[in-house]
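Below is data-v7.tsv, holding TSV, C-alpha atoms and all ligand atoms.
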chain	number	residue	atom	x	y	z
I	6	MET	CA	-96.14	204.16	195.28
I	7	ARG	CA	-99.24	204.70	197.36
I	8	PRO	CA	-101.69	205.24	194.46
I	9	HIS	CA	-100.53	201.94	192.90
I	10	ALA	CA	-100.48	199.83	196.05
I	11	ASP	CA	-103.95	198.29	195.59
I	12	GLU	CA	-103.27	197.30	192.00
I	13	TRP	CA	-99.90	195.73	192.84
I	14	GLU	CA	-101.34	193.87	195.80
I	15	ASP	CA	-104.14	192.46	193.63
I	16	GLU	CA	-101.67	191.42	190.96
I	17	GLY	CA	-99.37	189.81	193.51
I	18	PHE	CA	-96.38	191.64	192.04
I	19	PHE	CA	-95.00	195.15	191.79
I	20	PRO	CA	-93.14	196.19	188.65
I	21	ASN	CA	-89.35	196.39	188.42
I	22	THR	CA	-89.76	200.05	187.47
I	23	VAL	CA	-90.13	200.71	191.21
I	24	PHE	CA	-86.45	199.80	191.51
I	25	THR	CA	-85.38	201.87	188.50
I	26	ARG	CA	-87.33	204.93	189.66
I	27	MET	CA	-86.00	204.62	193.19
I	28	ALA	CA	-82.49	204.32	191.73
I	29	GLU	CA	-83.01	207.52	189.72
I	30	LEU	CA	-83.95	209.28	192.95
I	31	GLY	CA	-80.84	207.90	194.64
I	32	TYR	CA	-82.76	205.81	197.17
I	33	LEU	CA	-81.13	202.45	196.42
I	34	GLY	CA	-77.66	203.67	197.29
I	35	LEU	CA	-78.17	206.03	200.22
I	36	LYS	CA	-75.59	204.37	202.47
I	37	TYR	CA	-73.21	203.18	199.74
I	38	PRO	CA	-69.98	204.89	198.63
I	39	GLU	CA	-70.10	207.31	195.71
I	40	GLU	CA	-67.47	205.31	193.81
I	41	TYR	CA	-70.12	202.62	193.21
I	42	GLY	CA	-72.83	205.14	192.40
I	43	GLY	CA	-74.15	205.46	195.95
I	44	GLN	CA	-75.04	208.67	197.78
I	45	GLY	CA	-72.18	208.42	200.27
I	46	GLY	CA	-74.54	208.53	203.24
I	47	ASP	CA	-74.76	206.18	206.19
I	48	TYR	CA	-77.10	203.78	207.97
I	49	LEU	CA	-79.25	206.60	209.28
I	50	HIS	CA	-80.25	207.64	205.76
I	51	ASP	CA	-81.46	204.13	205.05
I	52	ALA	CA	-83.25	204.12	208.39
I	53	VAL	CA	-85.31	207.18	207.39
I	54	LEU	CA	-86.20	205.60	204.05
I	55	VAL	CA	-87.31	202.34	205.64
I	56	GLU	CA	-89.43	204.05	208.29
I	57	GLU	CA	-91.12	206.12	205.57
I	58	MET	CA	-91.64	203.09	203.31
I	59	ALA	CA	-94.07	201.84	205.95
I	60	GLY	CA	-96.45	204.45	204.52
I	61	CYS	CA	-96.35	203.16	200.94
I	62	GLY	CA	-99.52	201.12	201.46
I	63	SER	CA	-98.00	197.73	200.64
I	64	GLY	CA	-95.85	195.68	202.96
I	65	GLY	CA	-94.88	193.63	199.92
I	66	VAL	CA	-93.33	196.60	198.14
I	67	ALA	CA	-91.50	197.65	201.29
I	68	ALA	CA	-90.27	194.06	201.68
I	69	GLY	CA	-89.00	193.78	198.09
I	70	VAL	CA	-87.13	197.06	198.25
I	71	GLY	CA	-86.00	196.27	201.80
I	72	ALA	CA	-84.57	192.89	200.75
I	73	HIS	CA	-82.62	194.57	197.96
I	74	ILE	CA	-81.13	197.46	199.96
I	75	GLY	CA	-81.23	195.96	203.44
I	76	ILE	CA	-80.20	192.32	203.35
I	77	ALA	CA	-78.96	191.26	199.90
I	78	THR	CA	-76.58	194.05	198.86
I	79	PRO	CA	-74.98	194.89	202.25
I	80	PRO	CA	-72.91	191.65	202.28
I	81	VAL	CA	-71.51	192.53	198.85
I	82	TRP	CA	-70.58	195.97	200.17
I	83	LYS	CA	-69.09	194.61	203.40
I	84	PHE	CA	-67.44	191.39	202.22
I	85	GLY	CA	-67.10	191.72	198.43
I	86	THR	CA	-63.98	192.37	196.40
I	87	ASP	CA	-63.73	195.57	194.32
I	88	GLU	CA	-64.51	193.50	191.26
I	89	GLN	CA	-67.63	192.02	192.89
I	90	LYS	CA	-68.77	195.49	193.93
I	91	GLU	CA	-68.43	196.67	190.32
I	92	ARG	CA	-70.30	193.62	189.00
I	93	PHE	CA	-73.09	193.42	191.55
I	94	LEU	CA	-73.30	196.38	193.94
I	95	ALA	CA	-73.01	199.17	191.33
I	96	PRO	CA	-75.76	197.79	189.02
I	97	ALA	CA	-77.92	197.09	192.08
I	98	ILE	CA	-77.60	200.75	193.10
I	99	ARG	CA	-78.55	201.75	189.53
I	100	GLY	CA	-81.63	199.51	189.76
I	101	GLU	CA	-80.40	197.43	186.82
I	102	LYS	CA	-79.86	194.25	188.81
I	103	ILE	CA	-82.23	193.13	191.53
I	104	ALA	CA	-80.84	191.23	194.49
I	105	ALA	CA	-82.10	188.59	196.91
I	106	LEU	CA	-80.63	186.85	199.94
I	107	GLY	CA	-80.97	183.08	199.97
I	108	ILE	CA	-80.44	181.40	203.33
I	109	THR	CA	-83.64	179.56	204.27
I	110	GLU	CA	-84.24	176.05	202.96
I	111	PRO	CA	-87.20	173.69	203.11
I	112	ASP	CA	-85.53	171.85	206.04
I	113	ALA	CA	-83.64	174.71	207.71
I	114	GLY	CA	-85.01	178.11	208.80
I	115	SER	CA	-84.20	179.14	212.36
I	116	ASP	CA	-81.45	176.54	212.43
I	117	VAL	CA	-79.27	178.35	209.90
I	118	ALA	CA	-76.33	176.01	210.47
I	119	GLY	CA	-78.53	173.13	209.34
I	120	ILE	CA	-78.66	174.15	205.68
I	121	LYS	CA	-77.95	171.37	203.19
I	122	THR	CA	-77.28	173.10	199.85
I	123	SER	CA	-73.85	171.80	198.94
I	124	ALA	CA	-71.06	173.48	197.01
I	125	THR	CA	-68.45	170.95	195.95
I	126	ARG	CA	-65.08	172.25	194.92
I	127	VAL	CA	-64.10	171.63	191.28
I	128	ASP	CA	-61.52	173.18	189.01
I	129	GLY	CA	-62.20	176.95	188.88
I	130	GLY	CA	-65.19	177.02	191.19
I	131	TYR	CA	-67.98	174.98	192.77
I	132	VAL	CA	-70.81	172.71	191.72
I	133	VAL	CA	-73.92	173.59	193.69
I	134	ASN	CA	-76.89	171.34	194.46
I	135	GLY	CA	-79.85	172.11	196.70
I	136	SER	CA	-82.79	174.42	197.16
I	137	LYS	CA	-83.89	177.59	198.93
I	138	THR	CA	-87.36	178.67	199.97
I	139	PHE	CA	-89.27	181.76	201.14
I	140	ILE	CA	-86.81	184.00	199.24
I	141	THR	CA	-87.98	187.61	198.92
I	142	ASN	CA	-87.45	188.87	195.34
I	143	GLY	CA	-86.74	185.21	194.57
I	144	VAL	CA	-88.68	185.22	191.31
I	145	ARG	CA	-87.31	188.44	189.84
I	146	ALA	CA	-83.78	188.50	191.30
I	147	ASP	CA	-80.84	188.80	188.90
I	148	PHE	CA	-78.50	187.54	191.59
I	149	VAL	CA	-78.95	185.74	194.88
I	150	VAL	CA	-76.44	186.00	197.71
I	151	THR	CA	-76.67	182.35	198.68
I	152	ALA	CA	-75.60	180.39	201.74
I	153	VAL	CA	-74.03	177.01	200.92
I	154	LYS	CA	-72.15	174.25	202.70
I	155	THR	CA	-68.57	173.99	201.50
I	156	THR	CA	-67.56	171.19	203.83
I	157	GLN	CA	-69.29	168.19	205.34
I	158	GLU	CA	-68.42	169.51	208.79
I	159	GLY	CA	-71.44	170.04	211.00
I	160	GLY	CA	-72.47	173.26	212.69
I	161	HIS	CA	-71.37	176.71	211.60
I	162	ARG	CA	-67.97	175.89	210.26
I	163	GLY	CA	-68.65	174.78	206.70
I	164	LEU	CA	-70.86	177.73	205.68
I	165	SER	CA	-69.89	179.95	202.75
I	166	PHE	CA	-71.60	182.46	200.48
I	167	LEU	CA	-71.77	182.35	196.71
I	168	ILE	CA	-73.30	184.97	194.45
I	169	VAL	CA	-75.59	182.95	192.22
I	170	GLU	CA	-76.73	184.53	188.95
I	171	LYS	CA	-80.01	183.78	187.29
I	172	GLU	CA	-78.44	182.93	183.91
I	173	MET	CA	-76.31	180.16	185.41
I	174	ASP	CA	-77.02	176.70	184.02
I	175	GLY	CA	-78.82	174.65	186.65
I	176	PHE	CA	-80.52	177.65	188.33
I	177	SER	CA	-84.30	177.69	188.33
I	178	VAL	CA	-87.18	179.33	190.15
I	179	SER	CA	-89.28	176.32	191.02
I	180	LYS	CA	-92.23	178.19	192.48
I	181	LYS	CA	-93.73	181.61	193.25
I	182	LEU	CA	-95.23	181.07	196.68
I	183	ASP	CA	-98.73	182.25	197.61
I	184	LYS	CA	-99.04	183.80	201.04
I	185	MET	CA	-101.11	185.58	203.71
I	186	GLY	CA	-99.54	189.03	203.42
I	187	TRP	CA	-96.70	190.85	201.61
I	188	ARG	CA	-98.75	189.91	198.56
I	189	ALA	CA	-97.07	192.31	196.12
I	190	SER	CA	-93.71	190.75	196.97
I	191	ASP	CA	-92.52	187.75	194.96
I	192	THR	CA	-91.49	185.08	197.42
I	193	GLY	CA	-89.70	182.33	195.57
I	194	GLU	CA	-88.54	178.78	195.89
I	195	LEU	CA	-85.24	178.22	194.10
I	196	ALA	CA	-83.59	175.04	192.85
I	197	PHE	CA	-79.91	174.51	192.04
I	198	GLN	CA	-79.03	171.45	190.03
I	199	ASP	CA	-75.37	170.76	189.22
I	200	MET	CA	-74.94	174.52	188.90
I	201	PHE	CA	-71.36	175.66	188.29
I	202	VAL	CA	-70.43	178.84	190.19
I	203	PRO	CA	-66.97	180.25	189.44
I	204	ASP	CA	-64.44	181.16	192.13
I	205	GLU	CA	-64.89	184.86	191.48
I	206	ASN	CA	-68.45	184.57	192.85
I	207	LEU	CA	-67.30	183.40	196.30
I	208	LEU	CA	-68.28	186.19	198.71
I	209	GLY	CA	-65.95	186.62	201.64
I	210	GLU	CA	-63.82	183.75	202.88
I	211	GLU	CA	-64.64	180.11	202.30
I	212	ASN	CA	-66.09	178.46	205.41
I	213	LYS	CA	-66.48	181.85	207.16
I	214	GLY	CA	-70.04	182.50	205.98
I	215	PHE	CA	-71.51	182.35	209.45
I	216	TYR	CA	-69.87	185.67	210.35
I	217	LEU	CA	-71.47	187.22	207.30
I	218	ILE	CA	-74.89	185.94	208.34
I	219	MET	CA	-74.53	187.23	211.88
I	220	ALA	CA	-73.31	190.67	210.73
I	221	ASN	CA	-76.21	190.93	208.30
I	222	PHE	CA	-78.87	189.93	210.82
I	223	GLN	CA	-78.31	192.97	213.01
I	224	TRP	CA	-79.12	195.41	210.23
I	225	GLU	CA	-82.02	193.30	208.95
I	226	ARG	CA	-83.57	193.19	212.40
I	227	LEU	CA	-83.12	196.92	212.88
I	228	LEU	CA	-84.80	197.58	209.54
I	229	MET	CA	-87.72	195.39	210.56
I	230	ALA	CA	-88.01	197.31	213.83
I	231	LEU	CA	-87.93	200.62	211.96
I	232	GLY	CA	-90.57	199.48	209.47
I	233	SER	CA	-92.86	198.30	212.27
I	234	THR	CA	-92.35	201.53	214.17
I	235	GLY	CA	-93.41	203.50	211.09
I	236	SER	CA	-96.46	201.26	210.71
I	237	MET	CA	-97.44	201.70	214.36
I	238	PHE	CA	-97.50	205.50	213.99
I	239	ASN	CA	-99.44	205.28	210.72
I	240	LEU	CA	-102.02	202.99	212.30
I	241	LEU	CA	-102.31	205.30	215.30
I	242	ASP	CA	-103.09	208.22	212.95
I	243	THR	CA	-105.70	206.13	211.14
I	244	ALA	CA	-107.34	205.10	214.42
I	245	ILE	CA	-107.45	208.66	215.79
I	246	GLN	CA	-108.92	210.05	212.59
I	247	TYR	CA	-111.58	207.35	212.44
I	248	ALA	CA	-112.46	207.75	216.11
I	249	LYS	CA	-113.09	211.45	215.53
I	250	GLU	CA	-115.17	210.98	212.40
I	251	ARG	CA	-117.29	207.96	213.28
I	252	SER	CA	-120.28	208.51	215.52
I	253	ALA	CA	-122.35	205.99	217.48
I	254	PHE	CA	-125.07	206.60	220.08
I	255	GLY	CA	-124.98	210.30	219.20
I	256	ARG	CA	-121.31	211.03	219.72
I	257	PRO	CA	-117.91	210.42	218.12
I	258	ILE	CA	-116.67	206.98	219.17
I	259	GLY	CA	-113.42	208.63	220.39
I	260	ASN	CA	-115.49	210.09	223.23
I	261	PHE	CA	-116.14	206.62	224.63
I	262	GLN	CA	-113.61	205.87	227.30
I	263	ALA	CA	-113.08	202.31	225.99
I	264	ILE	CA	-111.95	203.66	222.62
I	265	ARG	CA	-110.01	206.61	224.06
I	266	HIS	CA	-108.04	204.32	226.36
I	267	LYS	CA	-107.29	201.88	223.58
I	268	ILE	CA	-105.91	204.74	221.49
I	269	ALA	CA	-103.87	206.01	224.44
I	270	GLU	CA	-102.31	202.54	224.75
I	271	MET	CA	-101.62	202.52	221.01
I	272	ALA	CA	-99.79	205.85	221.32
I	273	VAL	CA	-97.62	204.45	224.12
I	274	ARG	CA	-96.89	201.32	222.06
I	275	ALA	CA	-95.73	203.35	219.06
I	276	GLU	CA	-93.63	205.71	221.17
I	277	ALA	CA	-92.03	202.84	223.12
I	278	GLY	CA	-91.27	201.03	219.87
I	279	ARG	CA	-89.61	204.10	218.44
I	280	ALA	CA	-87.57	204.69	221.60
I	281	ILE	CA	-86.23	201.14	221.86
I	282	THR	CA	-85.53	201.04	218.11
I	283	TYR	CA	-83.79	204.41	217.93
I	284	ASN	CA	-81.62	203.48	220.90
I	285	ALA	CA	-80.51	200.28	219.15
I	286	LEU	CA	-80.02	202.19	215.88
I	287	ARG	CA	-77.88	204.81	217.57
I	288	LEU	CA	-75.61	202.19	219.15
I	289	PHE	CA	-75.39	200.22	215.89
I	290	ALA	CA	-74.64	203.33	213.79
I	291	GLU	CA	-71.92	204.36	216.25
I	292	GLY	CA	-70.28	200.98	215.72
I	293	HIS	CA	-71.02	199.43	219.12
I	294	ASP	CA	-71.85	195.79	219.63
I	295	ALA	CA	-75.61	196.26	219.89
I	296	ILE	CA	-76.84	192.67	219.64
I	297	LYS	CA	-78.81	192.90	222.87
I	298	GLN	CA	-80.52	196.19	222.00
I	299	VAL	CA	-81.20	195.20	218.37
I	300	THR	CA	-82.68	191.89	219.48
I	301	MET	CA	-84.89	193.64	222.03
I	302	ALA	CA	-86.06	196.18	219.44
I	303	LYS	CA	-86.94	193.44	216.95
I	304	LEU	CA	-88.74	191.37	219.57
I	305	GLN	CA	-90.74	194.25	221.02
I	306	THR	CA	-91.85	195.95	217.82
I	307	GLN	CA	-92.96	193.03	215.65
I	308	ARG	CA	-95.68	191.58	217.86
I	309	ASP	CA	-96.67	195.10	218.96
I	310	ALA	CA	-97.15	196.27	215.36
I	311	PHE	CA	-99.49	193.37	214.68
I	312	ARG	CA	-101.40	194.21	217.85
I	313	GLN	CA	-101.57	197.84	216.71
I	314	ALA	CA	-103.21	196.74	213.46
I	315	ASP	CA	-105.61	194.47	215.34
I	316	ASP	CA	-106.62	197.32	217.68
I	317	THR	CA	-107.14	199.63	214.70
I	318	ILE	CA	-109.41	197.06	213.07
I	319	GLN	CA	-111.41	196.83	216.31
I	320	ILE	CA	-111.75	200.61	216.57
I	321	MET	CA	-112.96	200.77	212.98
I	322	GLY	CA	-115.50	197.99	213.42
I	323	GLY	CA	-116.71	196.46	210.15
I	324	ALA	CA	-114.86	199.09	208.13
I	325	GLY	CA	-111.59	197.84	209.58
I	326	TYR	CA	-112.31	194.40	208.14
I	327	MET	CA	-112.88	195.84	204.65
I	328	LYS	CA	-110.06	196.03	202.11
I	329	GLU	CA	-110.86	199.65	201.27
I	330	TYR	CA	-109.09	201.12	204.30
I	331	GLY	CA	-105.90	199.06	204.01
I	332	VAL	CA	-105.87	198.14	207.70
I	333	GLU	CA	-106.66	194.45	207.17
I	334	ARG	CA	-103.73	194.43	204.73
I	335	ALA	CA	-101.50	196.02	207.35
I	336	ALA	CA	-102.47	193.28	209.80
I	337	ARG	CA	-101.70	190.55	207.27
I	338	ASP	CA	-98.40	192.18	206.32
I	339	LEU	CA	-97.32	192.81	209.90
I	340	ARG	CA	-97.99	189.22	210.96
I	341	LEU	CA	-94.75	188.27	209.22
I	342	GLY	CA	-92.71	190.35	211.68
I	343	PRO	CA	-92.56	187.84	214.55
I	344	ILE	CA	-91.49	185.14	212.03
I	345	GLY	CA	-89.13	186.67	209.45
I	346	GLY	CA	-85.53	187.69	210.10
I	347	GLY	CA	-85.44	185.39	213.15
I	348	THR	CA	-88.59	184.39	215.04
I	349	ASP	CA	-89.66	185.82	218.39
I	350	GLU	CA	-88.63	182.55	220.01
I	351	ILE	CA	-85.14	182.83	218.51
I	352	MET	CA	-84.92	186.48	219.66
I	353	LYS	CA	-85.68	185.30	223.21
I	354	GLU	CA	-83.02	182.59	222.93
I	355	ILE	CA	-80.45	185.20	221.87
I	356	LEU	CA	-81.50	187.50	224.69
I	357	GLY	CA	-81.31	184.65	227.16
I	358	ARG	CA	-77.71	184.04	226.14
I	359	GLN	CA	-76.94	187.76	226.30
I	360	LEU	CA	-78.27	187.71	229.84
I	361	GLY	CA	-75.88	184.92	230.76
I	362	LEU	CA	-78.42	182.07	230.74
C	1	LIG	C1	-92.71	186.12	203.49
C	1	LIG	C2	-91.36	185.60	203.90
C	1	LIG	C3	-90.21	186.14	203.35
C	1	LIG	C4	-88.95	185.62	203.68
C	1	LIG	N1	-87.83	186.12	203.05
C	1	LIG	C5	-86.65	185.46	203.23
C	1	LIG	C6	-85.50	185.82	202.45
C	1	LIG	O1	-85.53	186.75	201.63
C	1	LIG	N2	-84.36	185.08	202.60
C	1	LIG	C7	-84.28	184.04	203.48
C	1	LIG	O2	-83.22	183.41	203.56
C	1	LIG	N3	-85.35	183.70	204.26
C	1	LIG	C8	-86.52	184.37	204.13
C	1	LIG	N4	-87.62	184.01	204.90
C	1	LIG	C9	-87.48	182.91	205.85
C	1	LIG	C10	-87.58	183.32	207.32
C	1	LIG	O3	-86.38	183.94	207.71
C	1	LIG	C11	-87.89	182.05	208.09
C	1	LIG	O4	-89.25	181.71	207.82
C	1	LIG	C12	-87.67	182.19	209.57
C	1	LIG	O5	-86.31	182.34	209.87
C	1	LIG	C13	-88.20	180.99	210.36
C	1	LIG	O6	-87.76	179.78	209.82
C	1	LIG	P1	-88.82	178.63	209.49
C	1	LIG	O7	-89.95	179.24	208.75
C	1	LIG	O8	-88.11	177.50	208.86
C	1	LIG	O9	-89.38	178.17	210.88
C	1	LIG	P2	-88.75	177.04	211.83
C	1	LIG	O10	-87.31	177.30	212.06
C	1	LIG	O11	-89.14	175.71	211.32
C	1	LIG	O12	-89.53	177.31	213.18
C	1	LIG	C14	-90.87	176.83	213.43
C	1	LIG	C15	-91.25	177.25	214.85
C	1	LIG	O13	-90.35	176.64	215.79
C	1	LIG	C16	-89.76	177.65	216.60
C	1	LIG	N5	-88.38	177.30	216.94
C	1	LIG	C17	-87.39	176.91	216.11
C	1	LIG	N6	-86.25	176.75	216.79
C	1	LIG	C18	-86.52	177.04	218.09
C	1	LIG	C19	-85.77	177.08	219.28
C	1	LIG	N7	-84.46	176.80	219.29
C	1	LIG	N8	-86.39	177.43	220.42
C	1	LIG	C20	-87.70	177.75	220.42
C	1	LIG	N9	-88.48	177.74	219.33
C	1	LIG	C21	-87.90	177.40	218.18
C	1	LIG	C22	-89.81	178.90	215.76
C	1	LIG	O14	-89.71	180.08	216.55
C	1	LIG	C23	-91.16	178.76	215.09
C	1	LIG	O15	-92.17	179.18	215.95
C	1	LIG	C24	-88.86	184.56	204.62
C	1	LIG	C25	-90.03	184.06	205.22
C	1	LIG	C26	-91.26	184.55	204.85
C	1	LIG	C27	-92.47	183.93	205.49

Let me see the structure of the file written as structure tokens.
Amino acid sequence: MRPHADEWEDEGFFPNTVFTRMAELGYLGLKYPEEYGGQGGDYLHDAVLVEEMAGCGSGGVAAGVGAHIGIATPPVWKFGTDEQKERFLAPAIRGEKIAALGITEPDAGSDVAGIKTSATRVDGGYVVNGSKTFITNGVRADFVVTAVKTTQEGGHRGLSFLIVEKEMDGFSVSKKLDKMGWRASDTGELAFQDMFVPDENLLGEENKGFYLIMANFQWERLLMALGSTGSMFNLLDTAIQYAKERSAFGRPIGNFQAIRHKIAEMAVRAEAGRAITYNALRLFAEGHDAIKQVTMAKLQTQRDAFRQADDTIQIMGGAGYMKEYGVERAARDLRLGPIGGGTDEIMKEILGRQLGL
């Protein structure tokens, strides 16, 4: 991927062949059962992949692949029927169908329970009306695991999930959104107009969608922490190398205490991020309730990774600001971390509750 990253970033899109090639190598199904074409591994195999993807040179590519394997297909695996796994999970593992997760709406992001997209029961299924925004893989996705309201009841109770397919009448991609970072990733705005979705596309139980969202968030947040940890180590390597090679006032800039100390702090930041993330990952993979640790890992690593990129830019001076070195891109990509998958403020709210406040 690395040799193509610049081209894909400039084009604002990476080709679907990334998915097919990754599928050939077995990477799209590492944690999924062999009966659906997966590798029969577990969460830790995905964790290694995601940490390594941080080195692919494009946060957008990592995000697109991450959305497919990390947030959109896990609910089908966890909550789907055998038939749904055959129809959606197996082709997703083969790279034939690309998946997206559609929760956020123009008027509801952090407040997930406030979504308005309605699914009205009719004979044999639902009629769906509404819209979704900021959806990763939204433009290219063959199916979207979509949160809808199945009752008028307020709060969490009326939430359900439907698997929406791109060929369905009434489905349209209203916009490909332009953005600060993750530029190779297609972030889409979707519209549903009187779209009929059959009963067999209901994922999990009707009105129990909130449990699905909450279960999914833990893994999504862990993946974001792993990706940021990988990025922090990559940036540290870049900074060290540059500090050794670049000279000013007759000596390598790494010999100046100001630079040396900054790099020492960067090393601590990366190591601390890895420690807090691996601890949460271990608890999660062992099946413990790890909400507190996962939330802490997400909160700590996202802002820190952005700071790591900013420090690397500073160490590199003008070169850090140039596209050539990829560090300005890392900064733009990593700025999403404290926003996506639950903002820093929401992480602190969750932690506050975990701490009994
Ligand atoms: C590039 C990109 C890709 C994305 N991909 C997807 C995707 O694939 N699928 C998907 O469903 N969503 C996706 N999202 C949406 C993302 O999850 C939301 O942007 C995020 O949850 C925040 O919601 P919001 O943008 O509506 O902000 P808002 O909820 O409007 O928040 C605005 C500000 O208010 C703060 N705030 C809100 N509530 C509180 C509170 N209770 N206490 C304190 N502060 C609060 C927030 O922290 C934030 O600072 C993506 C977003 C981006 C930018």

**Item:** Nearby residues (all atoms listed in the file) at most 12 Å from Gln359 in chain I, same-chain spacing under 2 positions excluded, as a ChimeraX atom specification
**Value:** /I:294-301,352-357,361-362

Closest-contact table, chain I side, partner ligand LIG 1 (chain C), 9 Å, counting only C-alpha atoms and all ligand atoms, as a tab-separated table:
residue	atom	partner	partner_atom	distance
I:Gly65	CA	C:LIG1	C1	8.6
I:Ala68	CA	C:LIG1	C3	8.1
I:Gly69	CA	C:LIG1	O1	8.6
I:Ala72	CA	C:LIG1	O1	6.3
I:Ile76	CA	C:LIG1	O1	7.9
I:Ala77	CA	C:LIG1	O1	8.2
I:Ala105	CA	C:LIG1	O1	6.1
I:Leu106	CA	C:LIG1	N2	4.9
I:Gly107	CA	C:LIG1	O2	4.2
I:Ile108	CA	C:LIG1	O2	3.4
I:Thr109	CA	C:LIG1	O2	3.9
I:Glu110	CA	C:LIG1	O8	7.2
I:Pro111	CA	C:LIG1	O8	7.0
I:Asp112	CA	C:LIG1	O8	6.8
I:Ala113	CA	C:LIG1	O8	5.4
I:Gly114	CA	C:LIG1	O8	3.2
I:Ser115	CA	C:LIG1	O10	3.6
I:Asp116	CA	C:LIG1	O10	5.9
I:Val117	CA	C:LIG1	O5	8.1
I:Lys137	CA	C:LIG1	O2	7.5
I:Thr138	CA	C:LIG1	N3	6.9
I:Phe139	CA	C:LIG1	C24	4.5
I:Ile140	CA	C:LIG1	O1	3.9
I:Thr141	CA	C:LIG1	O1	3.8
I:Asn142	CA	C:LIG1	O1	6.9
I:Gly143	CA	C:LIG1	O1	7.3
I:Thr151	CA	C:LIG1	O2	8.2
I:Ala152	CA	C:LIG1	O2	8.4
I:Leu182	CA	C:LIG1	C1	8.8
I:Lys184	CA	C:LIG1	C1	7.2
I:Met185	CA	C:LIG1	C1	8.4
I:Gly186	CA	C:LIG1	C1	7.4
I:Trp187	CA	C:LIG1	C1	6.5
I:Arg188	CA	C:LIG1	C1	8.7
I:Ser190	CA	C:LIG1	C1	8.1
I:Asp191	CA	C:LIG1	C1	8.7
I:Thr192	CA	C:LIG1	C3	6.2
I:Gly193	CA	C:LIG1	O1	8.6
I:Asp338	CA	C:LIG1	C1	8.8
I:Leu341	CA	C:LIG1	C27	6.2
I:Gly342	CA	C:LIG1	C27	8.9
I:Pro343	CA	C:LIG1	O14	8.5
I:Ile344	CA	C:LIG1	C12	5.4
I:Gly345	CA	C:LIG1	O3	4.2
I:Gly346	CA	C:LIG1	O3	4.5
I:Gly347	CA	C:LIG1	O5	4.6
I:Thr348	CA	C:LIG1	O14	4.7
I:Asp349	CA	C:LIG1	O14	6.0
I:Glu350	CA	C:LIG1	O14	4.4
I:Ile351	CA	C:LIG1	O14	5.7
I:Met352	CA	C:LIG1	O14	8.6
I:Lys353	CA	C:LIG1	C20	8.3
I:Glu354	CA	C:LIG1	N8	6.7

Find the residues of range 209-276 of chain I that sit at most 12 Å from range 201-205 of chain I; for each, write down the nearest two atoms and how far apart they are in Å, to one decimal. Count all atoms listed in the file. Sort by chain, then by number going up, and give it as a Markdown table.
| residue | atom | partner | partner_atom | distance |
| --- | --- | --- | --- | --- |
| I:Gly209 | CA | I:Glu205 | CA | 10.4 |
| I:Glu210 | CA | I:Asp204 | CA | 11.1 |
| I:Glu211 | CA | I:Asp204 | CA | 10.2 |

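With only C-alpha atoms as the atoms that count, the residue of I:Glu56, I:Glu88, I:Glu250, I:Glu276 with the shortest distance to Ala230 in chain I is I:Glu56.
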
**Message:** Counting only C-alpha atoms, find residues at most 10 Å from (-114.7, 205.8, 218.4) (file frame) and give them as a list of chain:residue names.
**Reply:** I:Ala244, I:Ile245, I:Gln246, I:Tyr247, I:Ala248, I:Lys249, I:Glu250, I:Arg251, I:Ser252, I:Ala253, I:Arg256, I:Pro257, I:Ile258, I:Gly259, I:Asn260, I:Phe261, I:Gln262, I:Ala263, I:Ile264, I:Arg265, I:Lys267, I:Ile268, I:Gln319, I:Ile320, I:Met321, I:Gly322

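Between Ala310 in chain I and the candidates I:Asn221, I:Thr243, I:Gln157, I:Thr234, the tightest atom-to-atom separation, counting all atoms listed in the file, involves I:Thr234.
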
**Prompt:** Asp147 in chain I: which residues within 12 Å, counting only C-alpha atoms, same-chain residues fewer than 5 positions away excluded, as a count of residues only?
**Reply:** 25
